[in-house]
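K.L.:
Structure file protein31.txt, compact mmCIF, C-alpha atoms, is pasted below:
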# COMPACT_ATOMS: atom_id res chain seq x y z
CA MET H 1 42.41 103.90 95.42
CA HIS H 2 45.74 103.93 93.68
CA ARG H 3 48.95 103.46 95.61
CA THR H 4 51.68 105.93 94.81
CA LYS H 5 54.35 104.29 92.70
CA VAL H 6 57.78 104.78 94.18
CA LYS H 7 60.59 104.48 91.70
CA VAL H 8 63.54 102.99 93.55
CA ALA H 9 66.47 104.87 92.10
CA GLU H 10 69.30 103.08 93.78
CA ASP H 11 70.30 101.36 90.55
CA ALA H 12 69.89 104.49 88.48
CA LEU H 13 72.81 105.15 86.21
CA ASP H 14 74.52 108.46 85.95
CA ALA H 15 73.86 110.44 82.77
CA ASN H 16 77.15 109.45 81.15
CA THR H 17 76.52 105.74 81.62
CA THR H 18 72.98 106.05 80.26
CA ILE H 19 74.19 107.84 77.14
CA ALA H 20 77.12 105.43 76.71
CA GLN H 21 74.61 102.56 76.67
CA ALA H 22 72.53 104.36 74.06
CA ASN H 23 75.65 104.83 71.93
CA ARG H 24 76.48 101.16 72.37
CA GLU H 25 73.04 100.11 71.18
CA ASP H 26 73.47 102.24 68.06
CA PHE H 27 76.90 100.73 67.41
CA ASP H 28 75.55 97.18 67.91
CA ARG H 29 72.59 97.79 65.62
CA HIS H 30 74.99 98.74 62.83
CA GLY H 31 77.46 95.97 63.61
CA VAL H 32 80.21 98.47 64.42
CA ARG H 33 82.95 97.71 66.93
CA VAL H 34 84.44 100.69 68.74
CA VAL H 35 87.80 101.34 70.37
CA ASN H 36 88.61 104.32 72.58
CA PHE H 37 92.22 105.39 72.06
CA MET H 38 93.82 107.29 74.95
CA SER H 39 97.24 108.67 75.91
CA ALA H 40 99.16 111.67 77.22
CA PRO H 41 99.66 114.55 74.77
CA GLY H 42 102.31 113.72 72.20
CA ALA H 43 102.47 109.96 72.82
CA GLY H 44 101.97 109.32 69.12
CA LYS H 45 98.31 108.27 68.78
CA THR H 46 97.73 109.99 65.44
CA THR H 47 101.01 108.85 63.89
CA LEU H 48 100.21 105.29 64.94
CA LEU H 49 96.71 105.50 63.45
CA GLU H 50 98.12 106.93 60.20
CA ARG H 51 100.36 103.90 59.95
CA VAL H 52 97.93 101.09 60.83
CA LEU H 53 94.75 102.49 59.24
CA ALA H 54 96.42 103.20 55.87
CA ASP H 55 96.17 99.57 54.82
CA ILE H 56 93.83 97.90 57.32
CA ASP H 57 91.51 95.28 55.85
CA VAL H 58 88.29 96.48 57.50
CA ARG H 59 86.04 99.45 56.83
CA VAL H 60 87.11 101.99 59.45
CA GLY H 61 86.00 105.42 60.61
CA VAL H 62 87.57 107.84 63.07
CA LEU H 63 86.11 110.18 65.65
CA GLU H 64 88.77 112.71 66.58
CA GLY H 65 88.66 114.50 69.95
CA ASP H 66 90.64 117.67 70.58
CA VAL H 67 90.19 120.78 72.68
CA GLN H 68 90.68 122.89 69.57
CA GLY H 69 91.66 122.54 65.91
CA SER H 70 91.38 119.73 63.39
CA ALA H 71 95.03 119.01 62.55
CA ASP H 72 94.83 115.32 63.54
CA ALA H 73 91.49 114.82 61.78
CA ASP H 74 92.95 116.36 58.62
CA ARG H 75 95.93 113.98 58.77
CA LEU H 76 93.63 110.95 59.04
CA ALA H 77 91.12 112.18 56.44
CA ALA H 78 94.03 112.07 53.97
CA LEU H 79 93.72 108.26 54.25
CA HIS H 80 90.32 108.57 52.53
CA ILE H 81 88.38 107.25 55.51
CA PRO H 82 85.45 109.01 57.17
CA VAL H 83 86.71 111.26 59.98
CA VAL H 84 84.60 113.46 62.26
CA GLN H 85 86.19 116.05 64.54
CA ILE H 86 84.80 116.93 67.97
CA ASN H 87 86.24 120.07 69.53
CA THR H 88 85.60 120.11 73.27
CA ASP H 89 86.25 123.87 73.24
CA ALA H 90 83.26 124.79 71.10
CA GLY H 91 80.04 124.00 72.93
CA PHE H 92 81.53 121.73 75.57
CA GLY H 93 83.46 124.28 77.62
CA GLY H 94 87.01 123.19 76.82
CA GLU H 95 86.70 119.80 78.49
CA CYS H 96 89.90 117.74 78.89
CA HIS H 97 88.26 114.48 77.75
CA LEU H 98 85.51 113.04 75.58
CA ASP H 99 82.35 111.84 77.27
CA ALA H 100 79.43 109.78 75.99
CA ASN H 101 77.35 112.84 75.16
CA MET H 102 80.07 114.39 73.00
CA VAL H 103 80.44 111.12 71.11
CA ARG H 104 76.65 110.92 70.72
CA SER H 105 76.58 114.45 69.26
CA ALA H 106 78.85 113.21 66.45
CA LEU H 107 76.94 110.01 65.58
CA PRO H 108 74.67 111.66 62.97
CA ASP H 109 77.81 112.63 61.02
CA LEU H 110 79.30 109.13 61.09
CA PRO H 111 78.37 106.63 58.34
CA LEU H 112 77.82 103.78 60.82
CA ALA H 113 76.19 101.59 58.15
CA GLU H 114 79.37 101.75 56.07
CA ILE H 115 82.03 100.92 58.66
CA ASP H 116 83.00 97.89 60.75
CA LEU H 117 85.33 99.64 63.17
CA LEU H 118 85.17 103.08 64.75
CA VAL H 119 88.35 104.44 66.33
CA ILE H 120 87.74 107.24 68.83
CA GLU H 121 90.92 109.24 69.41
CA ASN H 122 90.45 110.87 72.80
CA VAL H 123 91.90 114.17 74.06
CA GLY H 124 95.53 113.75 75.15
CA ASN H 125 95.26 113.40 78.94
CA LEU H 126 96.14 110.65 81.44
CA VAL H 127 93.45 111.47 84.01
CA CYS H 128 89.84 112.22 83.02
CA PRO H 129 89.37 110.25 79.75
CA ALA H 130 89.58 107.05 81.83
CA GLU H 131 86.58 108.17 83.88
CA PHE H 132 84.12 108.39 80.97
CA ARG H 133 82.92 105.34 79.04
CA VAL H 134 81.55 106.37 75.66
CA GLY H 135 79.99 103.07 74.52
CA GLU H 136 83.21 101.47 73.31
CA ASP H 137 84.09 97.75 73.16
CA ALA H 138 87.72 98.22 74.15
CA ARG H 139 90.02 100.88 75.48
CA ILE H 140 93.57 101.17 74.25
CA MET H 141 96.18 103.34 75.86
CA VAL H 142 99.45 104.45 74.37
CA SER H 143 102.39 105.10 76.67
CA SER H 144 105.53 106.48 75.09
CA VAL H 145 108.93 105.42 76.43
CA THR H 146 109.96 109.10 76.48
CA GLU H 147 107.43 109.66 79.31
CA GLY H 148 109.33 107.56 81.85
CA GLU H 149 108.62 104.27 83.69
CA ASP H 150 106.65 105.85 86.54
CA LYS H 151 103.43 106.64 84.66
CA PRO H 152 101.41 103.51 85.66
CA ALA H 153 102.01 104.34 89.34
CA LYS H 154 101.11 108.02 88.88
CA TYR H 155 98.02 107.51 86.68
CA PRO H 156 96.75 104.10 87.84
CA LEU H 157 93.12 104.57 86.78
CA MET H 158 94.14 105.13 83.16
CA PHE H 159 96.38 102.07 83.06
CA ARG H 160 93.71 99.99 84.79
CA ALA H 161 90.90 101.14 82.50
CA CYS H 162 92.21 99.61 79.28
CA GLU H 163 92.35 96.25 77.56
CA LEU H 164 95.60 96.94 75.69
CA VAL H 165 98.68 99.01 76.53
CA LEU H 166 100.84 100.06 73.58
CA ILE H 167 104.41 101.01 74.45
CA ASN H 168 105.38 103.44 71.69
CA LYS H 169 108.58 105.11 70.43
CA ILE H 170 110.77 102.06 71.09
CA ASP H 171 113.05 103.33 68.29
CA LEU H 172 114.27 105.88 70.88
CA LEU H 173 115.07 103.30 73.59
CA GLU H 174 118.79 103.30 72.79
CA HIS H 175 118.94 107.06 73.46
CA LEU H 176 117.01 106.98 76.75
CA ASP H 177 117.52 105.65 80.27
CA PHE H 178 114.06 104.07 80.07
CA ASP H 179 114.00 100.65 81.78
CA LEU H 180 111.42 98.52 79.94
CA GLU H 181 111.46 95.83 82.62
CA LEU H 182 110.76 98.41 85.32
CA PHE H 183 107.85 99.79 83.29
CA HIS H 184 106.32 96.32 82.99
CA TYR H 185 106.81 95.79 86.72
CA LYS H 186 105.01 99.05 87.54
CA LEU H 187 102.25 98.30 85.03
CA ASP H 188 101.77 94.82 86.49
CA ALA H 189 101.31 96.39 89.94
CA VAL H 190 98.24 98.35 88.80
CA HIS H 191 96.88 96.09 86.03
CA PRO H 192 98.19 92.51 86.25
CA ASP H 193 98.25 90.56 82.98
CA VAL H 194 96.97 93.37 80.78
CA GLU H 195 97.96 92.75 77.15
CA THR H 196 100.89 94.89 75.97
CA MET H 197 102.66 95.50 72.66
CA GLU H 198 105.95 97.30 72.08
CA LEU H 199 106.10 99.26 68.85
CA SER H 200 107.32 102.31 66.98
CA ALA H 201 104.78 104.31 65.02
CA LYS H 202 107.70 106.07 63.35
CA THR H 203 109.64 103.05 62.03
CA GLY H 204 106.67 100.67 61.89
CA GLU H 205 108.31 98.07 64.12
CA GLY H 206 105.63 96.05 65.92
CA THR H 207 102.72 97.87 64.31
CA ASP H 208 101.52 94.86 62.27
CA ALA H 209 100.57 93.09 65.50
CA PHE H 210 98.49 96.11 66.55
CA ARG H 211 96.76 96.24 63.14
CA ASP H 212 95.92 92.51 63.50
CA TRP H 213 94.51 93.23 66.96
CA LEU H 214 92.19 95.89 65.54
CA VAL H 215 91.07 93.54 62.75
CA ARG H 216 90.22 90.89 65.36
CA VAL H 217 88.16 93.43 67.35
CA ALA H 218 86.31 94.47 64.18
CA GLY H 219 85.74 90.81 63.25
CA ALA H 220 84.00 90.21 66.54
CA ALA H 221 81.17 92.47 65.40
CA PRO H 222 77.75 90.84 65.29
CA ALA H 223 75.93 90.88 61.98
CA PRO H 224 73.98 94.11 61.59
CA ALA H 225 70.33 93.83 62.62
CA MET E 1 64.19 154.36 108.40
CA HIS E 2 67.02 152.28 107.02
CA ARG E 3 67.36 151.62 103.32
CA THR E 4 68.05 148.06 102.39
CA LYS E 5 71.67 147.65 101.36
CA VAL E 6 71.97 145.98 98.00
CA LYS E 7 75.26 144.24 97.42
CA VAL E 8 76.02 144.53 93.73
CA ALA E 9 77.56 141.19 92.89
CA GLU E 10 78.53 141.82 89.30
CA ASP E 11 82.19 142.02 90.23
CA ALA E 12 82.04 139.02 92.52
CA LEU E 13 84.87 136.60 91.98
CA ASP E 14 84.44 132.89 91.60
CA ALA E 15 85.54 130.78 94.55
CA ASN E 16 88.85 129.79 92.99
CA THR E 17 89.86 133.40 92.33
CA THR E 18 88.89 134.42 95.87
CA ILE E 19 90.98 131.64 97.40
CA ALA E 20 93.89 132.32 95.01
CA GLN E 21 93.93 135.94 96.24
CA ALA E 22 93.94 134.74 99.86
CA ASN E 23 96.89 132.47 99.05
CA ARG E 24 98.64 135.38 97.39
CA GLU E 25 98.19 137.57 100.45
CA ASP E 26 99.74 134.85 102.61
CA PHE E 27 102.66 134.49 100.20
CA ASP E 28 103.20 138.26 100.09
CA ARG E 29 103.07 138.57 103.88
CA HIS E 30 105.89 136.05 104.15
CA GLY E 31 107.87 137.52 101.25
CA VAL E 32 107.57 134.31 99.25
CA ARG E 33 107.48 134.29 95.45
CA VAL E 34 105.58 131.43 93.83
CA VAL E 35 105.85 129.71 90.46
CA ASN E 36 103.30 127.25 89.07
CA PHE E 37 105.06 124.58 87.01
CA MET E 38 102.94 122.83 84.37
CA SER E 39 103.39 120.31 81.53
CA ALA E 40 102.07 117.13 79.94
CA PRO E 41 102.83 113.87 81.79
CA GLY E 42 106.45 112.86 81.33
CA ALA E 43 107.75 116.18 80.00
CA GLY E 44 110.49 116.16 82.64
CA LYS E 45 109.32 118.65 85.29
CA THR E 46 110.68 116.69 88.26
CA THR E 47 114.02 115.86 86.63
CA LEU E 48 114.45 119.54 85.77
CA LEU E 49 113.62 120.61 89.33
CA GLU E 50 116.08 118.04 90.72
CA ARG E 51 118.79 119.60 88.59
CA VAL E 52 118.13 123.31 89.20
CA LEU E 53 117.04 123.20 92.85
CA ALA E 54 120.02 121.09 93.97
CA ASP E 55 122.30 124.14 94.07
CA ILE E 56 120.03 127.16 93.79
CA ASP E 57 121.06 130.14 95.87
CA VAL E 58 117.66 130.91 97.39
CA ARG E 59 115.64 129.19 100.11
CA VAL E 60 113.16 127.09 98.19
CA GLY E 61 110.21 124.85 99.00
CA VAL E 62 108.13 122.58 96.77
CA LEU E 63 104.44 121.78 96.66
CA GLU E 64 104.00 118.60 94.66
CA GLY E 65 100.70 117.81 92.95
CA ASP E 66 99.84 114.30 91.78
CA VAL E 67 96.68 112.27 91.42
CA GLN E 68 98.25 109.55 93.53
CA GLY E 69 101.59 108.62 95.10
CA SER E 70 104.54 110.64 96.34
CA ALA E 71 107.35 109.46 94.05
CA ASP E 72 108.19 112.95 92.77
CA ALA E 73 107.97 114.50 96.24
CA ASP E 74 110.34 111.84 97.55
CA ARG E 75 112.84 112.60 94.78
CA LEU E 76 112.82 116.32 95.61
CA ALA E 77 112.87 115.81 99.39
CA ALA E 78 116.21 114.05 98.84
CA LEU E 79 117.57 117.56 98.09
CA HIS E 80 116.91 118.45 101.75
CA ILE E 81 114.33 121.08 100.94
CA PRO E 82 110.81 121.24 102.37
CA VAL E 83 108.39 119.33 100.14
CA VAL E 84 104.66 118.87 100.68
CA GLN E 85 102.64 116.41 98.60
CA ILE E 86 99.04 117.01 97.58
CA ASN E 87 97.24 113.98 96.19
CA THR E 88 94.17 115.03 94.24
CA ASP E 89 92.84 111.48 94.61
CA ALA E 90 92.45 111.58 98.37
CA GLY E 91 89.83 114.12 99.37
CA PHE E 92 89.69 116.00 96.08
CA GLY E 93 88.03 113.34 93.88
CA GLY E 94 90.92 112.49 91.56
CA GLU E 95 91.09 115.94 89.96
CA CYS E 96 93.35 116.39 86.93
CA HIS E 97 94.79 119.70 88.16
CA LEU E 98 95.61 121.70 91.27
CA ASP E 99 93.28 124.53 92.23
CA ALA E 100 93.64 127.37 94.74
CA ASN E 101 91.80 125.46 97.46
CA MET E 102 94.07 122.42 97.21
CA VAL E 103 97.11 124.69 97.46
CA ARG E 104 95.53 126.48 100.42
CA SER E 105 94.99 123.16 102.18
CA ALA E 106 98.75 122.58 102.07
CA LEU E 107 99.84 126.01 103.36
CA PRO E 108 99.83 125.04 107.06
CA ASP E 109 102.43 122.38 106.25
CA LEU E 110 104.72 124.76 104.37
CA PRO E 111 107.37 126.73 106.28
CA LEU E 112 106.57 130.00 104.47
CA ALA E 113 108.65 132.04 106.90
CA GLU E 114 111.74 130.04 105.98
CA ILE E 115 111.60 130.11 102.18
CA ASP E 116 111.93 132.76 99.46
CA LEU E 117 110.59 130.73 96.55
CA LEU E 118 107.81 128.17 96.39
CA VAL E 119 107.68 125.90 93.35
CA ILE E 120 104.28 124.30 92.75
CA GLU E 121 104.61 121.25 90.50
CA ASN E 122 101.16 120.79 88.99
CA VAL E 123 99.50 117.54 87.83
CA GLY E 124 100.78 116.51 84.38
CA ASN E 125 98.05 117.76 82.04
CA LEU E 126 97.90 120.30 79.19
CA VAL E 127 94.27 121.33 79.68
CA CYS E 128 92.80 122.08 83.10
CA PRO E 129 95.82 123.31 85.13
CA ALA E 130 95.84 126.43 82.95
CA GLU E 131 92.29 127.25 84.05
CA PHE E 132 93.04 127.55 87.76
CA ARG E 133 95.21 130.30 89.25
CA VAL E 134 96.50 129.31 92.66
CA GLY E 135 98.01 132.62 93.86
CA GLU E 136 101.27 132.29 91.92
CA ASP E 137 103.51 135.07 90.58
CA ALA E 138 104.44 133.27 87.39
CA ARG E 139 103.46 130.21 85.42
CA ILE E 140 106.05 128.10 83.67
CA MET E 141 105.25 125.40 81.19
CA VAL E 142 107.53 122.64 80.02
CA SER E 143 107.08 121.24 76.52
CA SER E 144 109.25 118.31 75.55
CA VAL E 145 110.49 118.00 71.98
CA THR E 146 109.33 114.35 71.99
CA GLU E 147 105.71 115.61 72.12
CA GLY E 148 105.79 117.15 68.62
CA GLU E 149 105.57 120.69 67.25
CA ASP E 150 101.76 120.83 67.18
CA LYS E 151 101.12 121.20 70.91
CA PRO E 152 100.73 125.03 71.07
CA ALA E 153 97.99 124.82 68.41
CA LYS E 154 96.22 121.93 70.17
CA TYR E 155 96.45 123.30 73.73
CA PRO E 156 96.47 127.08 73.17
CA LEU E 157 95.16 128.07 76.61
CA MET E 158 98.08 126.34 78.33
CA PHE E 159 100.69 127.97 76.10
CA ARG E 160 98.98 131.36 76.49
CA ALA E 161 98.69 131.12 80.26
CA CYS E 162 102.39 131.16 81.08
CA GLU E 163 105.23 133.65 81.37
CA LEU E 164 107.97 131.17 80.35
CA VAL E 165 108.01 128.16 78.01
CA LEU E 166 110.80 125.66 78.57
CA ILE E 167 111.58 123.41 75.60
CA ASN E 168 113.00 120.28 77.21
CA LYS E 169 114.83 117.12 76.05
CA ILE E 170 116.85 118.93 73.37
CA ASP E 171 119.49 116.20 73.80
CA LEU E 172 117.09 113.99 71.78
CA LEU E 173 116.69 116.45 68.88
CA GLU E 174 119.19 114.62 66.69
CA HIS E 175 117.10 111.43 66.95
CA LEU E 176 113.73 113.08 66.20
CA ASP E 177 112.03 114.76 63.24
CA PHE E 178 111.10 117.64 65.55
CA ASP E 179 111.35 121.02 63.79
CA LEU E 180 112.32 123.62 66.41
CA GLU E 181 111.60 126.50 64.06
CA LEU E 182 108.10 125.18 63.36
CA PHE E 183 107.45 124.84 67.12
CA HIS E 184 108.44 128.48 67.67
CA TYR E 185 106.22 129.51 64.77
CA LYS E 186 103.22 127.68 66.25
CA LEU E 187 103.96 129.03 69.73
CA ASP E 188 104.21 132.57 68.38
CA ALA E 189 100.76 132.17 66.82
CA VAL E 190 99.11 131.60 70.22
CA HIS E 191 101.46 133.58 72.52
CA PRO E 192 103.58 136.13 70.66
CA ASP E 193 106.88 137.08 72.30
CA VAL E 194 106.55 134.73 75.28
CA GLU E 195 109.98 134.05 76.78
CA THR E 196 111.40 130.63 75.88
CA MET E 197 114.43 128.59 76.87
CA GLU E 198 115.77 125.43 75.23
CA LEU E 199 117.33 122.97 77.64
CA SER E 200 117.95 119.38 78.62
CA ALA E 201 117.17 118.35 82.18
CA LYS E 202 119.10 115.15 81.50
CA THR E 203 122.43 116.62 80.29
CA GLY E 204 122.08 119.97 82.05
CA GLU E 205 122.45 121.97 78.84
CA GLY E 206 120.67 125.31 79.18
CA THR E 207 119.53 124.71 82.75
CA ASP E 208 121.73 127.41 84.31
CA ALA E 209 119.68 130.07 82.52
CA PHE E 210 116.49 128.63 84.00
CA ARG E 211 118.02 128.55 87.50
CA ASP E 212 119.01 132.22 87.09
CA TRP E 213 115.42 132.99 86.02
CA LEU E 214 114.07 131.41 89.21
CA VAL E 215 116.59 133.34 91.32
CA ARG E 216 115.45 136.59 89.71
CA VAL E 217 111.80 135.74 90.46
CA ALA E 218 112.69 134.97 94.09
CA GLY E 219 114.72 138.19 94.34
CA ALA E 220 111.69 140.23 93.34
CA ALA E 221 110.03 139.27 96.60
CA PRO E 222 109.08 142.21 98.85
CA ALA E 223 110.53 142.25 102.35
CA PRO E 224 108.35 140.20 104.72
CA ALA E 225 105.88 142.31 106.67
Starting from the file, give its structure as structure tokens.

P.N.:
Amino acid sequence: MHRTKVKVAEDALDANTTIAQANREDFDRHGVRVVNFMSAPGAGKTTLLERVLADIDVRVGVLEGDVQGSADADRLAALHIPVVQINTDAGFGGECHLDANMVRSALPDLPLAEIDLLVIENVGNLVCPAEFRVGEDARIMVSSVTEGEDKPAKYPLMFRACELVLINKIDLLEHLDFDLELFHYKLDAVHPDVETMELSAKTGEGTDAFRDWLVRVAGAAPAPA
Amino acid sequence: MHRTKVKVAEDALDANTTIAQANREDFDRHGVRVVNFMSAPGAGKTTLLERVLADIDVRVGVLEGDVQGSADADRLAALHIPVVQINTDAGFGGECHLDANMVRSALPDLPLAEIDLLVIENVGNLVCPAEFRVGEDARIMVSSVTEGEDKPAKYPLMFRACELVLINKIDLLEHLDFDLELFHYKLDAVHPDVETMELSAKTGEGTDAFRDWLVRVAGAAPAPA
């Protein structure tokens, strides 16, 4: 007589985590390191990528997430790097974030064997993108000084769910009431000791340090199997 | 013999629409007009409300939506108007928007009989808030010039789903590359002839016209039953 096998499901992963792990295995097999780039709408993600990817010393590809359109993908494709656009509107119901399955749907179009670093530019949103791992090595969030100092307190999950916080548009500081010290204080309250960089995608100030950071992440890639 | 009654459900509303209509009936019964105020994080909704509600000539209340915290509600309560905070984190699973049911949950705490205008400040997000009616008369969206001209093309549903677009932070125009004409062109492509106002919540420029707009909305309220 056979005993019924009971699968104990208490450690079962949700679908997103399962797919994120599958993505991660594909990235590892090709020796690709992956960063997930998040921010509010208009914080300057694309402008920053235009600046640092134009002359970065690693082979890079971009996966561009937007509800609709391909304007950002077109801007980055002008750098002559492989760029794939995911529209969450078509087929994914207008979702406000990328999830692991959307990223997976784009993998066949990405030349993983020919890149060392994949930058995933998420949908502009400070809530849901932080809830969905996609198989990335690191999460970067961009907070613009025009958004005010209170954002870490209002969107704590997002500021907690990243390894690097970029404080962008510092060229505008002299025209704003933004208190940089207060921002760091509020950030420290939700994510103590997270690495931060202050920069301006527009003038280029501080962007070399971010480019170096990306090169270090890419350099940590294991040799392809 | 009785014939079975068949309820034809083809016109059935989804739960959100049903609850939004119930909210609307409550608002109408009390003669309250309601605006739903939406924007990306950091576009300046609260600062703008501080400025225009401080000396508005109607009885106003505020329903404040945030994932977490009550910083904005506290700022507006300082104006000595009734303010109720909804946190989407507690009880609603950290949602990135307000829906009709969340608004309904707050109605018992709002003195509807004592106000003419209810301002609902939504969660900062350019995607999902546009998908959920809450029983409002009008939807207002705030787009800051620091966010770039491309936002109507990237978030068309949001820019389509409003009766008024406020273009905020015009005091910063001289320090930005923002092309106001290009923004209007892109807005016109997704929502032709929508009413717009250019203003600065910080300096007050243009805010009188927005206050007058709110007064007109409040004045359109029917007499309470």

K.L.:
How close does each residue of chain E get to chain H, giving the shortest atom pair and distance in Å to one decimal for every residue with an atom at most 7 Å away, counting all atoms listed in the file, sorted by chain and residue number, as a tab-separated table?

P.N.:
residue	atom	partner	partner_atom	distance
E:Ala40	CA	H:Pro41	CA	6.3
E:Pro41	CA	H:Ala40	CA	6.3
E:Gly42	CA	H:Glu147	CA	3.9
E:Ala43	CA	H:Glu147	CA	6.6
E:Val67	CA	H:Lys154	CA	6.6
E:Gln68	CA	H:Lys154	CA	5.7
E:Gly69	CA	H:Lys154	CA	6.3
E:Cys96	CA	H:Val127	CA	5.7
E:Asn125	CA	H:Asn125	CA	6.0
E:Val127	CA	H:Cys96	CA	5.7
E:Cys128	CA	H:Cys96	CA	6.7
E:Thr146	CA	H:Thr146	CA	6.9
E:Glu147	CA	H:Gly42	CA	3.9
E:Gly148	CA	H:Gly42	CA	6.1
E:Lys154	CA	H:Gln68	CA	5.7
E:Tyr155	CA	H:Val67	CA	6.8

K.L.:
Just the residues within 9 Å of H:Val52, please, counting all atoms listed in the file, with nothing from its chain fewer than 3 positions along; format it as JSON, numbers by chain.

P.N.:
{"H": [47, 48, 49, 55, 56, 201, 204, 207, 208, 210, 211]}

K.L.:
Quick one, how far is atom CA of E:Val119 from atom CA of E:Gly61?

P.N.:
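Separation of atom CA of E:Val119 and atom CA of E:Gly61: 6.3 Å.
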
K.L.:
Quick one: distance from atom CA of E:Val103 to atom CA of E:Gly135 in Å, one decimal?

P.N.:
8.8 Å

K.L.:
Please report the interatomic distance between atom CA of H:Leu187 and atom CA of H:Ile140 in Å with one decimal.

P.N.:
14.1 Å

K.L.:
Could you tell me, as a list of chain:residue names, which residues have any atom at most 7 Å from (107.1, 130.7, 97.1), counting only C-alpha atoms?

P.N.:
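Using only C-alpha atoms, the matching residues come out as E:Phe27, E:Val32, E:Arg33, E:Val34, E:Val35, E:Gly61, E:Ile115, E:Asp116, E:Leu117, E:Leu118, E:Val119.
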
K.L.:
Of the residues E:Lys186, E:His191, E:Arg59, E:Arg51, which is the one nearest to E:Pro111, using only C-alpha atoms?

P.N.:
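Of the candidates, the smallest distance to E:Pro111 is held by E:Arg59.
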
K.L.:
Could you check the closest approach to H:Asn101 for each of H:Ala78, H:Ala73, H:Val142, H:Val134 and tell me which residue wins, using only C-alpha atoms?

P.N.:
H:Val134

K.L.:
Around all the atoms of stretch 45-56 of chain H listed in the file, with 6 Å of room on each side, what axis-aligned box do you get, giving centre and edge lengths in Å to one decimal, as lines of an AutoDock Vina configuration file?

P.N.:
center_x = 97.4
center_y = 103.9
center_z = 61.8
size_x = 19.2
size_y = 24.1
size_z = 26.0
